[in-house]
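Trainee: This is the structure, below, for whatever I ask next.
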Amino acid sequence: MREISCKDITQVVAKLCIQACCQVTDDMKRAFEKARNSEKSELGKDIIGKILDNAKIAGEEMMPICQDTGMTVVFVEIGQEVHLVDGYLEDAINEGIAKGYVEGYLRKSVVKDPIYHRENTQNNTPAVIHTRIVPGDKFKIKVAPKGFGSENKGILKMLVPADGLEGVKKVFLEAVKYAGPNACPPMVIGVGIGGTMEKCAILAKQAAVRSAESENPNPEYAKLERELLELANQTGVGPQGLGGTSTAVKVNVEVYATHIAGLPVCVNINCHAARHADAEL
């Protein structure tokens with residue numbers, strides 16, 4: 001049994017919040033370089049160039065990539081041989097977020113009640129936390145602050161098996177066109193297929209923060225990722241919605257078993273910032 005202190009988790013989460021909001025990941029930088037080279041529109045090329053310049057300045061100055069530093073989504077994998085001590089996991093994570101957002105001068109965007117009392121919590125808590133128990137003695141955490149320009153453009157549809165692959169593509173294109181310029185393209189798009197309503201949404205969220213250089217291990221779904229990316233880029237939305245061939249730089253698909261009567265599909269969109277940062281304790 002391996003012990004991990006919740007106090008250490010708090011410190012790591014604080015650092016990850018600042019890192020995710022200020023430093024564009026290397027895979028995304030490479031994805032944008034590739035998009036700039038292939039973009040057909042001169043205006044689109046210029047916009048992608050400015051996105052890369054912004055990423056460079058943000059990383060060097062440790063300033064936010066964008067003013068919307070998101071609602072913090074956290075994915076945690078806890079090895080079943082790990083024993084957490086010195087506190088409660090969710091408290092430790094939220095304390096880390098509060099520390100990171102306050103000390104990092106990141107915008108606090110969370111309100112405590114969705115309808116009646118939309119009062120800002122002043123420290124960007126609480127987070128949305130997804131926890132899995134896995135074999136082993138490792139503790140892995142991914143912090144993914146989610147801006148709502150893109151989050152608001154997500155779509156969840158409960159299809160039936162007869163809708164099939166064409167139904168999935170139809171939902172995907174509906175989401176891309178609905179997002180238009182408002183999700184700050186070029187985008188990273190996560191697609192969840194299968195499970196139940198809530199499982200499908202989590203799959204899409206996980207897909208949206210996968211590496212831009214990864215692919216689904218199943219060759220059929222890897223092919224689907226490429227097909228969906230092509231469909232997105234054929235819409236002509238382009239960088240920042242001003243036209244072009246780079247509406248998205250990556251589409252990731254995650255799947256799960258589902259009911260004989262169901263075909264849940266969820267599309268979750270990340271703006272060009274695609275914020276996330278990982279650590280292993």
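Each chain in the structure tokens gets a letter, A, B and so on, in the order shown; residues start at 1 in every chain, and ligands are counted from 1 in the order they appear.
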Within 12 Å of range 273-281 of chain A, which residues of range 10-54 of chain A show up? Give each one with its shortest atom-to-atom distance in Å (one decimal) and the two atoms involved, counting only C-alpha atoms, rows by chain then rising residue number, as CSV.
Mentor:
```
residue,atom,partner,partner_atom,distance
A:Thr10,CA,A:Leu281,CA,11.4
A:Gln11,CA,A:Leu281,CA,11.1
A:Val12,CA,A:Ala279,CA,7.6
A:Val13,CA,A:Ala279,CA,8.7
A:Ala14,CA,A:Ala277,CA,11.0
A:Lys15,CA,A:Ala277,CA,9.2
A:Leu16,CA,A:Ala277,CA,5.7
A:Cys17,CA,A:Ala277,CA,7.6
A:Ile18,CA,A:Ala277,CA,9.1
A:Gln19,CA,A:Ala277,CA,6.6
A:Ala20,CA,A:His276,CA,4.8
A:Cys21,CA,A:Arg275,CA,6.1
A:Cys22,CA,A:Arg275,CA,8.5
A:Gln23,CA,A:Arg275,CA,8.1
A:Val24,CA,A:Ala273,CA,6.6
A:Thr25,CA,A:His276,CA,7.8
A:Asp26,CA,A:Ala277,CA,11.2
A:Asp27,CA,A:Ala274,CA,10.6
A:Met28,CA,A:Ala274,CA,7.9
A:Lys29,CA,A:Ala273,CA,9.9
A:Ala31,CA,A:Ala274,CA,11.6
A:Phe32,CA,A:Ala273,CA,10.7
A:Ile48,CA,A:Ala273,CA,11.8
A:Ile51,CA,A:Ala273,CA,8.9
A:Leu52,CA,A:Ala273,CA,10.3
A:Asn54,CA,A:Ala273,CA,10.1
```
Trainee: List the neighbours of Val249 in chain A out to 10 Å using only C-alpha atoms; skip same-chain residues closer than 2 positions along the sequence, and give me the result as a list in words.
Mentor: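 Surrounding residues, per the criterion: Met28, Ala31, Phe32, Lys34, Ala35, Pro185, Pro186, Met187, Val188, Ile189, Ala212, Leu229, Glu230, Ala232, Asn233, Thr245, Ser246, Thr247, Val251 and His272 of chain A.
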Trainee: Go ahead and save the residues from that selection, with C-alpha atoms, as a PDB file, in the first residue's frame.
Mentor:
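Saved file out_19.pdb follows:
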```pdb
ATOM      1  CA  MET A  28      -1.265  21.495 -30.123  1.00  0.00           C
ATOM      2  CA  ALA A  31      -1.069  20.712 -34.900  1.00  0.00           C
ATOM      3  CA  PHE A  32      -1.361  24.449 -35.561  1.00  0.00           C
ATOM      4  CA  LYS A  34       0.529  21.723 -39.672  1.00  0.00           C
ATOM      5  CA  ALA A  35      -2.794  23.547 -40.082  1.00  0.00           C
ATOM      6  CA  PRO A 185     -11.800  27.570 -34.208  1.00  0.00           C
ATOM      7  CA  PRO A 186      -9.597  25.831 -35.188  1.00  0.00           C
ATOM      8  CA  MET A 187     -11.074  23.393 -32.692  1.00  0.00           C
ATOM      9  CA  VAL A 188     -10.290  20.062 -31.100  1.00  0.00           C
ATOM     10  CA  ILE A 189     -13.490  18.034 -31.130  1.00  0.00           C
ATOM     11  CA  ALA A 212      -3.843  15.965 -30.927  1.00  0.00           C
ATOM     12  CA  LEU A 229     -12.043  15.846 -39.317  1.00  0.00           C
ATOM     13  CA  GLU A 230     -12.423  16.069 -43.083  1.00  0.00           C
ATOM     14  CA  ALA A 232     -15.486  19.518 -40.197  1.00  0.00           C
ATOM     15  CA  ASN A 233     -12.962  21.177 -42.467  1.00  0.00           C
ATOM     16  CA  THR A 245     -10.008  24.870 -44.507  1.00  0.00           C
ATOM     17  CA  SER A 246      -8.915  24.600 -40.865  1.00  0.00           C
ATOM     18  CA  THR A 247     -12.134  24.525 -38.858  1.00  0.00           C
ATOM     19  CA  VAL A 251     -11.247  14.962 -33.932  1.00  0.00           C
ATOM     20  CA  HIS A 272      -8.011  26.405 -30.036  1.00  0.00           C
TER      21      HIS A 272
END
```
Trainee: Applying 12 Å and only C-alpha atoms, which residues near Arg2 in chain A remain after dropping the ones on its own chain fewer than 6 positions away? List them as a PyMOL selection string.
Mentor: chain A and resi 78-85+136-139+281
Trainee: List as a list of chain:residue names the protein and nucleic acid residues near Pro126 in chain A, meaning an atom at most 10 Å away when only C-alpha atoms are counted, but skip any in the same chain fewer than 3 places from it.
Mentor: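 Within the cut-off, the hits are A:Met71, A:Thr72, A:Val73, A:Glu90, A:Asp91, A:Ile93, A:Asn94, A:Glu95, A:Ile97, A:Ala98, A:Val110, A:Val111, A:Lys112, A:Thr121, A:Asn123, A:Ile129.
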Trainee: Dump all heavy atoms for the selected residues as a tab-separated table (two decimals), in the first residue's frame?
Mentor:
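Just written: part.tsv:
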```tsv
chain	number	residue	atom	x	y	z
A	71	MET	N	-14.18	26.65	-16.43
A	71	MET	CA	-14.59	25.89	-15.25
A	71	MET	C	-13.71	24.66	-15.22
A	71	MET	O	-13.52	23.99	-16.25
A	71	MET	CB	-16.07	25.50	-15.33
A	71	MET	CG	-16.56	24.80	-14.08
A	71	MET	SD	-18.37	24.59	-14.10
A	71	MET	CE	-18.61	24.05	-12.39
A	72	THR	N	-13.15	24.35	-14.07
A	72	THR	CA	-12.12	23.33	-14.00
A	72	THR	C	-12.71	21.92	-13.97
A	72	THR	O	-13.45	21.56	-13.05
A	72	THR	CB	-11.22	23.54	-12.78
A	72	THR	OG1	-10.88	24.92	-12.68
A	72	THR	CG2	-9.95	22.73	-12.91
A	73	VAL	N	-12.37	21.16	-14.99
A	73	VAL	CA	-12.73	19.75	-15.05
A	73	VAL	C	-11.49	18.94	-14.69
A	73	VAL	O	-10.39	19.22	-15.18
A	73	VAL	CB	-13.23	19.36	-16.46
A	73	VAL	CG1	-13.59	17.87	-16.53
A	73	VAL	CG2	-14.42	20.22	-16.86
A	90	GLU	N	-11.56	15.28	-2.75
A	90	GLU	CA	-12.25	16.37	-3.45
A	90	GLU	C	-11.95	17.72	-2.80
A	90	GLU	O	-11.81	18.73	-3.50
A	90	GLU	CB	-13.74	16.10	-3.52
A	90	GLU	CG	-14.08	14.93	-4.44
A	90	GLU	CD	-15.55	14.90	-4.85
A	90	GLU	OE1	-16.31	15.81	-4.47
A	90	GLU	OE2	-15.93	13.95	-5.56
A	91	ASP	N	-11.84	17.73	-1.49
A	91	ASP	CA	-11.44	18.98	-0.81
A	91	ASP	C	-10.04	19.40	-1.25
A	91	ASP	O	-9.78	20.59	-1.51
A	91	ASP	CB	-11.46	18.80	0.70
A	91	ASP	CG	-12.87	18.75	1.27
A	91	ASP	OD1	-13.82	19.11	0.55
A	91	ASP	OD2	-13.02	18.34	2.45
A	93	ILE	N	-8.49	18.71	-4.05
A	93	ILE	CA	-8.51	19.21	-5.43
A	93	ILE	C	-9.07	20.63	-5.49
A	93	ILE	O	-8.50	21.51	-6.13
A	93	ILE	CB	-9.34	18.26	-6.32
A	93	ILE	CG1	-8.60	16.93	-6.50
A	93	ILE	CG2	-9.64	18.90	-7.68
A	93	ILE	CD1	-9.40	15.85	-7.18
A	94	ASN	N	-10.18	20.85	-4.80
A	94	ASN	CA	-10.78	22.20	-4.82
A	94	ASN	C	-9.88	23.23	-4.14
A	94	ASN	O	-9.82	24.39	-4.59
A	94	ASN	CB	-12.15	22.15	-4.16
A	94	ASN	CG	-13.21	21.61	-5.10
A	94	ASN	OD1	-13.29	21.99	-6.26
A	94	ASN	ND2	-14.04	20.70	-4.60
A	95	GLU	N	-9.17	22.83	-3.11
A	95	GLU	CA	-8.22	23.75	-2.48
A	95	GLU	C	-7.09	24.11	-3.45
A	95	GLU	O	-6.63	25.25	-3.50
A	95	GLU	CB	-7.65	23.12	-1.21
A	95	GLU	CG	-8.65	23.09	-0.04
A	95	GLU	CD	-8.15	22.24	1.12
A	95	GLU	OE1	-6.94	21.91	1.14
A	95	GLU	OE2	-8.97	21.90	2.00
A	97	ILE	N	-7.34	24.14	-6.75
A	97	ILE	CA	-7.89	25.03	-7.77
A	97	ILE	C	-7.99	26.46	-7.24
A	97	ILE	O	-7.60	27.41	-7.91
A	97	ILE	CB	-9.27	24.51	-8.22
A	97	ILE	CG1	-9.10	23.21	-9.01
A	97	ILE	CG2	-10.01	25.56	-9.07
A	97	ILE	CD1	-10.37	22.44	-9.22
A	98	ALA	N	-8.50	26.60	-6.03
A	98	ALA	CA	-8.59	27.93	-5.43
A	98	ALA	C	-7.21	28.58	-5.33
A	98	ALA	O	-7.03	29.76	-5.67
A	98	ALA	CB	-9.23	27.83	-4.04
A	110	VAL	N	-16.82	30.76	-11.95
A	110	VAL	CA	-17.83	29.83	-11.45
A	110	VAL	C	-18.82	30.54	-10.54
A	110	VAL	O	-18.42	31.29	-9.63
A	110	VAL	CB	-17.16	28.66	-10.69
A	110	VAL	CG1	-18.21	27.74	-10.06
A	110	VAL	CG2	-16.27	27.87	-11.64
A	111	VAL	N	-20.11	30.31	-10.78
A	111	VAL	CA	-21.15	30.82	-9.89
A	111	VAL	C	-21.72	29.66	-9.08
A	111	VAL	O	-21.77	28.52	-9.55
A	111	VAL	CB	-22.28	31.53	-10.67
A	111	VAL	CG1	-21.74	32.79	-11.32
A	111	VAL	CG2	-22.91	30.62	-11.71
A	112	LYS	N	-22.16	29.94	-7.85
A	112	LYS	CA	-22.51	28.87	-6.93
A	112	LYS	C	-23.85	28.20	-7.21
A	112	LYS	O	-24.10	27.09	-6.75
A	112	LYS	CB	-22.48	29.39	-5.49
A	112	LYS	CG	-23.57	30.40	-5.15
A	112	LYS	CD	-23.44	30.83	-3.69
A	112	LYS	CE	-24.54	31.79	-3.28
A	112	LYS	NZ	-24.40	32.23	-1.88
A	121	THR	N	-18.16	32.43	-6.96
A	121	THR	CA	-17.55	31.80	-5.78
A	121	THR	C	-16.19	32.41	-5.43
A	121	THR	O	-15.61	32.08	-4.40
A	121	THR	CB	-17.39	30.29	-5.97
A	121	THR	OG1	-16.51	30.03	-7.07
A	121	THR	CG2	-18.74	29.63	-6.22
A	123	ASN	N	-13.20	31.86	-6.39
A	123	ASN	CA	-11.96	31.08	-6.48
A	123	ASN	C	-12.04	29.95	-7.51
A	123	ASN	O	-11.20	29.06	-7.54
A	123	ASN	CB	-11.57	30.52	-5.10
A	123	ASN	CG	-12.64	29.62	-4.52
A	123	ASN	OD1	-13.56	29.17	-5.21
A	123	ASN	ND2	-12.53	29.33	-3.22
A	129	ILE	N	-15.37	16.87	-11.05
A	129	ILE	CA	-14.35	15.84	-10.81
A	129	ILE	C	-14.85	14.47	-11.25
A	129	ILE	O	-15.93	14.04	-10.83
A	129	ILE	CB	-13.94	15.81	-9.33
A	129	ILE	CG1	-13.44	17.20	-8.89
A	129	ILE	CG2	-12.86	14.76	-9.08
A	129	ILE	CD1	-13.22	17.33	-7.38
```
Trainee: Within range 7-155 of chain A, find each residue whose DSSP state, derived from the backbone, is alpha helix (DSSP H), and express the selection as a PyMOL selection string.
Mentor: chain A and resi 7-22+26-38+42-61+89-103+148-151
Trainee: For Val267 in chain A, please output as a PyMOL selection string all residues within 10 Å (counting only C-alpha atoms; exclusion window: fewer than 3 positions along the same chain).
Mentor: chain A and resi 151+153-157+168+171-176+189-193+200-201+203-205+207-208+251-253
Trainee: Calculated over only C-alpha atoms, which of the candidates A:Ala261, A:Met62, A:Ile47, A:Leu228 has the smallest distance to Gly243 in chain A?
Mentor: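 For Gly243 in chain A, the nearest of the candidates is A:Ile47.
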Trainee: Do you know which residues are at most 12 Å from Pro217 in chain A counting only C-alpha atoms, after dropping those on the same chain fewer than 3 positions away, and could you put them as a PyMOL selection string?
Mentor: chain A and resi 214+220-225+252-255
Trainee: State, in Å with one decimal place, the distance from CA of Pro181 in chain A to CA of Ile202 in chain A.
Mentor: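 Answer for the CA of Pro181 in chain A to CA of Ile202 in chain A separation: 24.2 Å.
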Trainee: Apply DSSP to the backbone of this structure and, from range 16-217 of chain A, keep only the residues in strand (DSSP E); write these as a PyMOL selection string.
Mentor: chain A and resi 71-79+82-85+128-134+139-146+155-159+187-195
Trainee: In Å, rounded to a single decimal, give me how far CA of Asn270 in chain A is from CA of Glu42 in chain A.
Mentor: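 Computed distance, CA of Glu42 in chain A to CA of Asn270 in chain A, equals 23.7 Å.
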Trainee: A:Gly44, A:Pro219, A:Gly180, A:Pro264: which is nearest Asp163 in chain A, counting only C-alpha atoms?
Mentor: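 When distances to Asp163 in chain A are compared using only C-alpha atoms, the smallest one comes from A:Pro264.
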Trainee: Would you please work out which residue, of A:Val265, A:Tyr88, A:Lys7, A:Asp46, is nearest to Met197 in chain A when using only C-alpha atoms?
Mentor: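 Result for the nearest residue to Met197 in chain A: A:Val265.
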Trainee: Can you work out the spacing between CA of Glu103 in chain A and CA of Pro64 in chain A in Å, to one decimal?
Mentor: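 CA of Pro64 in chain A lies 12.9 Å from CA of Glu103 in chain A.
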